[in-house]
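Data file: structure-v5.cif. Format and content: mmCIF, C-alpha atoms.
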data_upload
#
loop_
_atom_site.group_PDB
_atom_site.id
_atom_site.type_symbol
_atom_site.label_atom_id
_atom_site.label_comp_id
_atom_site.auth_asym_id
_atom_site.auth_seq_id
_atom_site.Cartn_x
_atom_site.Cartn_y
_atom_site.Cartn_z
ATOM 1 C CA THR A 1 2.176 4.136 -18.525
ATOM 2 C CA GLY A 2 0.770 3.181 -21.903
ATOM 3 C CA ASN A 3 3.435 0.475 -22.263
ATOM 4 C CA TYR A 4 1.134 -2.529 -22.194
ATOM 5 C CA ASP A 5 1.738 -5.663 -24.226
ATOM 6 C CA LYS A 6 -1.679 -7.132 -25.054
ATOM 7 C CA GLU A 7 -0.079 -10.514 -25.840
ATOM 8 C CA ARG A 8 1.284 -10.761 -22.273
ATOM 9 C CA LYS A 9 -1.944 -9.627 -20.565
ATOM 10 C CA GLN A 10 -3.195 -13.241 -20.436
ATOM 11 C CA PHE A 11 -0.340 -14.097 -18.042
ATOM 12 C CA ASN A 12 -1.369 -11.523 -15.418
ATOM 13 C CA VAL A 13 -2.350 -13.056 -12.078
ATOM 14 C CA GLU A 14 -5.261 -11.983 -9.884
ATOM 15 C CA TYR A 15 -4.851 -12.769 -6.203
ATOM 16 C CA VAL A 16 -7.885 -10.673 -5.253
ATOM 17 C CA SER A 17 -10.384 -9.619 -7.921
ATOM 18 C CA LEU A 18 -13.002 -6.903 -7.967
ATOM 19 C CA ASN A 19 -16.577 -8.025 -7.418
ATOM 20 C CA GLU A 20 -17.940 -4.580 -8.265
ATOM 21 C CA ARG A 21 -17.558 -2.597 -11.497
ATOM 22 C CA ASN A 22 -14.728 -0.377 -10.205
ATOM 23 C CA LEU A 23 -12.408 0.136 -7.236
ATOM 24 C CA TYR A 24 -14.531 2.930 -5.723
ATOM 25 C CA GLN A 25 -17.649 0.736 -5.722
ATOM 26 C CA GLU A 26 -15.635 -2.193 -4.331
ATOM 27 C CA VAL A 27 -14.461 -0.088 -1.374
ATOM 28 C CA LYS A 28 -17.964 1.235 -0.649
ATOM 29 C CA GLN A 29 -19.529 -2.241 -0.795
ATOM 30 C CA THR A 30 -16.777 -3.800 1.325
ATOM 31 C CA LEU A 31 -17.197 -1.138 4.027
ATOM 32 C CA LYS A 32 -20.968 -1.626 3.974
ATOM 33 C CA ARG A 33 -20.800 -5.444 3.957
ATOM 34 C CA ARG A 34 -18.335 -5.506 6.867
ATOM 35 C CA ASN A 35 -20.242 -2.788 8.762
ATOM 36 C CA ILE A 36 -17.082 -0.664 9.089
ATOM 37 C CA GLU A 37 -17.608 2.805 10.517
ATOM 38 C CA TYR A 38 -15.627 5.673 9.021
ATOM 39 C CA LEU A 39 -15.680 9.456 8.737
ATOM 40 C CA ASN A 40 -17.422 10.194 5.465
ATOM 41 C CA ARG A 41 -15.449 13.338 4.633
ATOM 42 C CA PRO A 42 -13.468 14.291 1.510
ATOM 43 C CA ASN A 43 -10.110 14.046 3.329
ATOM 44 C CA THR A 44 -10.771 10.602 4.843
ATOM 45 C CA ASN A 45 -8.212 8.038 3.652
ATOM 46 C CA MET A 46 -10.409 5.212 2.343
ATOM 47 C CA LEU A 47 -7.828 3.208 0.415
ATOM 48 C CA ASN A 48 -4.093 2.577 0.349
ATOM 49 C CA GLY A 49 -2.065 1.104 -2.477
ATOM 50 C CA ILE A 50 1.283 -0.639 -2.699
ATOM 51 C CA THR A 51 3.483 -1.958 -5.487
ATOM 52 C CA PHE A 52 5.969 -4.805 -5.092
ATOM 53 C CA THR A 53 8.571 -4.787 -7.873
ATOM 54 C CA SER A 54 12.225 -4.444 -8.751
ATOM 55 C CA GLY A 55 14.387 -3.741 -11.773
ATOM 56 C CA PRO A 56 14.887 -6.150 -14.673
ATOM 57 C CA GLU A 57 18.243 -7.227 -13.209
ATOM 58 C CA PHE A 58 16.498 -8.710 -10.160
ATOM 59 C CA PHE A 59 13.987 -10.638 -12.260
ATOM 60 C CA GLU A 60 16.760 -11.812 -14.602
ATOM 61 C CA SER A 61 18.637 -13.153 -11.554
ATOM 62 C CA LEU A 62 15.516 -15.239 -10.830
ATOM 63 C CA GLY A 63 15.566 -16.671 -14.352
ATOM 64 C CA MET A 64 13.200 -14.414 -16.309
ATOM 65 C CA LYS A 65 14.272 -13.595 -19.850
ATOM 66 C CA PHE A 66 14.100 -9.990 -21.106
ATOM 67 C CA ILE A 67 14.332 -8.581 -24.637
ATOM 68 C CA ASP A 68 15.015 -5.174 -26.177
ATOM 69 C CA SER A 69 11.794 -3.115 -26.394
ATOM 70 C CA GLY A 70 13.118 -0.788 -29.080
ATOM 71 C CA ARG A 71 12.735 2.141 -26.647
ATOM 72 C CA THR A 72 15.279 3.967 -24.484
ATOM 73 C CA TYR A 73 15.065 5.636 -21.097
ATOM 74 C CA LYS A 74 14.444 9.376 -21.475
ATOM 75 C CA THR A 75 15.557 10.483 -17.988
ATOM 76 C CA GLY A 76 17.340 9.307 -14.860
ATOM 77 C CA ASP A 77 20.448 7.209 -14.289
ATOM 78 C CA LYS A 78 19.626 4.968 -17.260
ATOM 79 C CA LYS A 79 18.988 7.811 -19.720
ATOM 80 C CA GLY A 80 19.747 6.618 -23.255
ATOM 81 C CA GLN A 81 19.922 2.918 -22.279
ATOM 82 C CA ILE A 82 17.661 0.310 -23.862
ATOM 83 C CA ILE A 83 14.425 -0.520 -22.017
ATOM 84 C CA LYS A 84 14.196 -4.293 -21.626
ATOM 85 C CA VAL A 85 10.822 -6.026 -21.292
ATOM 86 C CA PRO A 86 9.896 -9.555 -20.175
ATOM 87 C CA TYR A 87 9.928 -12.241 -22.857
ATOM 88 C CA ILE A 88 6.780 -14.255 -22.136
ATOM 89 C CA LYS A 89 5.062 -16.356 -24.798
ATOM 90 C CA SER A 90 3.709 -19.091 -22.494
ATOM 91 C CA LYS A 91 3.221 -19.771 -18.766
ATOM 92 C CA ASP A 92 6.467 -21.782 -18.924
ATOM 93 C CA ASP A 93 8.364 -18.517 -19.586
ATOM 94 C CA ILE A 94 7.543 -17.345 -16.043
ATOM 95 C CA PRO A 95 10.048 -19.032 -13.719
ATOM 96 C CA HIS A 96 8.741 -20.631 -10.527
ATOM 97 C CA SER A 97 11.086 -18.343 -8.543
ATOM 98 C CA ILE A 98 9.226 -15.277 -9.872
ATOM 99 C CA THR A 99 5.853 -16.787 -8.970
ATOM 100 C CA ARG A 100 7.213 -17.596 -5.516
ATOM 101 C CA PHE A 101 8.521 -14.024 -5.104
ATOM 102 C CA PHE A 102 5.056 -12.576 -5.750
ATOM 103 C CA ASP A 103 3.378 -15.272 -3.599
ATOM 104 C CA CYS A 104 5.669 -14.249 -0.725
ATOM 105 C CA CYS A 105 4.900 -10.552 -1.296
ATOM 106 C CA MET A 106 1.187 -11.368 -1.160
ATOM 107 C CA GLU A 107 1.557 -13.404 2.044
ATOM 108 C CA PHE A 108 3.502 -10.547 3.645
ATOM 109 C CA LEU A 109 0.751 -8.099 2.681
ATOM 110 C CA LYS A 110 -1.984 -10.375 4.069
ATOM 111 C CA GLN A 111 -0.158 -10.645 7.387
ATOM 112 C CA TYR A 112 0.654 -6.931 7.532
ATOM 113 C CA VAL A 113 -2.753 -5.418 6.637
ATOM 114 C CA GLY A 114 -5.084 -8.414 7.023
ATOM 115 C CA GLY A 115 -6.245 -10.443 4.035
ATOM 116 C CA GLU A 116 -9.825 -9.309 4.605
ATOM 117 C CA ASN A 117 -8.751 -5.685 4.008
ATOM 118 C CA ILE A 118 -7.243 -6.309 0.562
ATOM 119 C CA VAL A 119 -9.757 -5.276 -2.125
ATOM 120 C CA LEU A 120 -7.610 -5.803 -5.241
ATOM 121 C CA ALA A 121 -4.268 -7.516 -5.856
ATOM 122 C CA GLN A 122 -2.827 -8.331 -9.279
ATOM 123 C CA VAL A 123 0.533 -9.274 -10.768
ATOM 124 C CA HIS A 124 1.129 -7.484 -14.065
ATOM 125 C CA TYR A 125 3.389 -9.222 -16.564
ATOM 126 C CA ASP A 126 2.030 -7.136 -19.451
ATOM 127 C CA GLU A 127 3.997 -3.987 -18.567
ATOM 128 C CA ASP A 128 7.709 -3.134 -18.828
ATOM 129 C CA THR A 129 8.521 -4.520 -15.370
ATOM 130 C CA PRO A 130 6.642 -7.300 -13.564
ATOM 131 C CA HIS A 131 4.958 -6.022 -10.415
ATOM 132 C CA LEU A 132 2.304 -6.846 -7.842
ATOM 133 C CA GLN A 133 -0.150 -3.968 -7.479
ATOM 134 C CA ALA A 134 -2.469 -4.127 -4.463
ATOM 135 C CA TYR A 135 -5.068 -1.895 -2.824
ATOM 136 C CA PHE A 136 -6.284 -2.288 0.744
ATOM 137 C CA LEU A 137 -8.503 -0.638 3.330
ATOM 138 C CA PRO A 138 -6.516 1.110 6.088
ATOM 139 C CA VAL A 139 -8.667 -0.473 8.796
ATOM 140 C CA VAL A 140 -7.613 -0.095 12.417
ATOM 141 C CA ASN A 141 -9.245 -2.087 15.182
ATOM 142 C CA GLU A 142 -7.901 0.013 18.006
ATOM 143 C CA ILE A 143 -7.454 3.754 18.368
ATOM 144 C CA LYS A 144 -4.826 4.978 20.774
ATOM 145 C CA ARG A 145 -5.670 8.287 22.361
ATOM 146 C CA LYS A 146 -3.366 10.555 24.304
ATOM 147 C CA CYS A 147 -3.884 10.579 28.062
ATOM 148 C CA PHE A 148 -3.683 13.762 30.080
ATOM 149 C CA VAL A 149 -3.045 14.488 33.754
ATOM 150 C CA LYS A 150 -6.191 15.389 35.711
ATOM 151 C CA ASP A 151 -6.702 16.739 39.191
ATOM 152 C CA ASN A 152 -8.803 14.922 41.800
ATOM 153 C CA LEU A 153 -11.955 16.613 40.437
ATOM 154 C CA GLY A 154 -11.307 15.319 36.920
ATOM 155 C CA ASN A 155 -10.182 18.655 35.472
ATOM 156 C CA LEU A 156 -7.268 18.777 33.020
ATOM 157 C CA ILE A 157 -4.027 20.110 34.424
ATOM 158 C CA LYS A 158 -2.369 22.487 31.976
ATOM 159 C CA ASP A 159 1.220 23.590 31.511
ATOM 160 C CA GLU A 160 2.244 27.051 30.373
ATOM 161 C CA ILE A 161 4.458 26.947 27.266
ATOM 162 C CA GLN A 162 6.143 29.448 24.953
ATOM 163 C CA THR A 163 5.065 29.301 21.291
ATOM 164 C CA LYS A 164 7.374 29.940 18.324
ATOM 165 C CA ASP A 165 6.195 33.528 18.132
ATOM 166 C CA ASP A 166 7.081 34.114 21.843
ATOM 167 C CA LYS A 167 3.519 34.015 23.124
ATOM 168 C CA THR A 168 2.470 32.116 26.211
ATOM 169 C CA THR A 169 -0.287 29.507 26.003
ATOM 170 C CA LEU A 170 -1.728 26.717 28.126
ATOM 171 C CA VAL A 171 -1.728 23.109 26.906
ATOM 172 C CA PRO A 172 -2.989 19.963 28.636
ATOM 173 C CA LYS A 173 -0.211 18.106 30.473
ATOM 174 C CA LEU A 174 0.485 14.663 28.973
ATOM 175 C CA LEU A 175 0.300 11.669 31.296
ATOM 176 C CA ARG A 176 3.651 9.837 31.417
ATOM 177 C CA ASP A 177 4.790 6.566 32.954
ATOM 178 C CA ASP A 178 7.638 6.314 35.492
ATOM 179 C CA LYS A 179 10.166 6.247 32.607
ATOM 180 C CA GLY A 180 8.800 9.461 31.074
ATOM 181 C CA LYS A 181 7.102 7.743 28.131
ATOM 182 C CA LYS A 182 3.754 9.173 26.967
ATOM 183 C CA MET A 183 0.831 7.007 27.973
ATOM 184 C CA SER A 184 -2.189 6.257 25.799
ATOM 185 C CA LYS A 185 -5.386 4.287 26.067
#
Would you mind writing the file out in structure tokens?
Amino acid sequence: TGNYDKERKQFNVEYVSLNERNLYQEVKQTLKRRNIEYLNRPNTNMLNGITFTSGPEFFESLGMKFIDSGRTYKTGDKKGQIIKVPYIKSKDDIPHSITRFFDCCMEFLKQYVGGENIVLAQVHYDEDTPHLQAYFLPVVNEIKRKCFVKDNLGNLIKDEIQTKDDKTTLVPKLLRDDKGKKMSK
């Protein structure tokens, strides 16, 4: 955003740091080190990102002090209002409740995507709003594939359907359980 406060940068927190020189190299080395197979194509999703944050009001309710930045919002619901930024001059200016909030966000992320899949996770106090920015590998350990009905020779049984443009086509018949739910393996 360009709204960095160099004096507050020292208070940023790194949960997971880069070992390589950039995020791209970190992803490549992590995949190689963990022997993870993937489709090496331009449209393959190699990395996901997430940001945990809220507005200044939330952080103020947890005890963080904010001051006038001298800037105003240019668009949106707050257009014309003053942009407030965290007042942090020492570690003591970051309330324990804020640290706990980001610790809990990080624990949730570890449980949700697997700690081993997180390649970078940092709390930024040097920007307008405190936030936890994290990047992780979208690793799946199990692929569910659709199952289709087959005849006793192993051939797919197909149903005739009407397409949107009123043409008739054949599509493989999905295997369903006794409740009509699609089955997968």
Neighbours of range 36-52 of chain A within 9 Å (all atoms listed in the file; same-chain residues fewer than 6 positions away dropped), as a list in words?
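Surrounding residues, per the criterion: Val27, Thr30, Phe102, Cys105, Pro130, His131, Leu132, Gln133, Ala134, Tyr135, Phe136, Leu137, Pro138 and Val139 of chain A.
From CA of Ile157 in chain A back to CA of Pro172 in chain A, the distance works out to 5.9 Å.
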Expand the PyMOL selection byres ((chain A and resi 85) around 8) into the individual residues it matches in the shown file, reporting them as a count of residues only.
12
Proximity to Asn3 in chain A - best of A:Lys167, A:Asp159, A:Glu20, A:Tyr125, all atoms listed in the file
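For Asn3 in chain A, the nearest of the candidates is A:Tyr125.
Residue nearest Gly70 in chain A within the list A:Ile82, A:Ile98, A:Ile88, A:Leu174: A:Ile82 [criterion: smallest interatomic distance, all atoms listed in the file].
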List the residues matched by the PyMOL selection byres ((chain A and resi 6) around 12) in the displayed structure as a ChimeraX atom specification, ordered by chain and then by residue number.
/A:2-5,7-12,88-89,124-128
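CA of Phe101 in chain A sits 28.6 Å away from CA of Thr75 in chain A.
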Which residue gives the smallest distance to Arg176 in chain A among A:Phe148, A:Gln162, A:Asn35, A:Gly154, with all atoms listed in the file counted?
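Going through A:Phe148, A:Gln162, A:Asn35, A:Gly154 one by one, the smallest distance to Arg176 in chain A is for A:Phe148.
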Please report the interatomic distance between CA of Val171 in chain A and CA of Asn152 in chain A in Å with one decimal.
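Between CA of Val171 in chain A and CA of Asn152 in chain A the gap works out to 18.4 Å.
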Quick one: everything within 7 Å of Met64 in chain A, counting all atoms listed in the file, minus sequence neighbours fewer than 2 positions away in the same chain. Send it as a VMD selection string.
chain A and resid 59 to 60 62 66 94 to 95
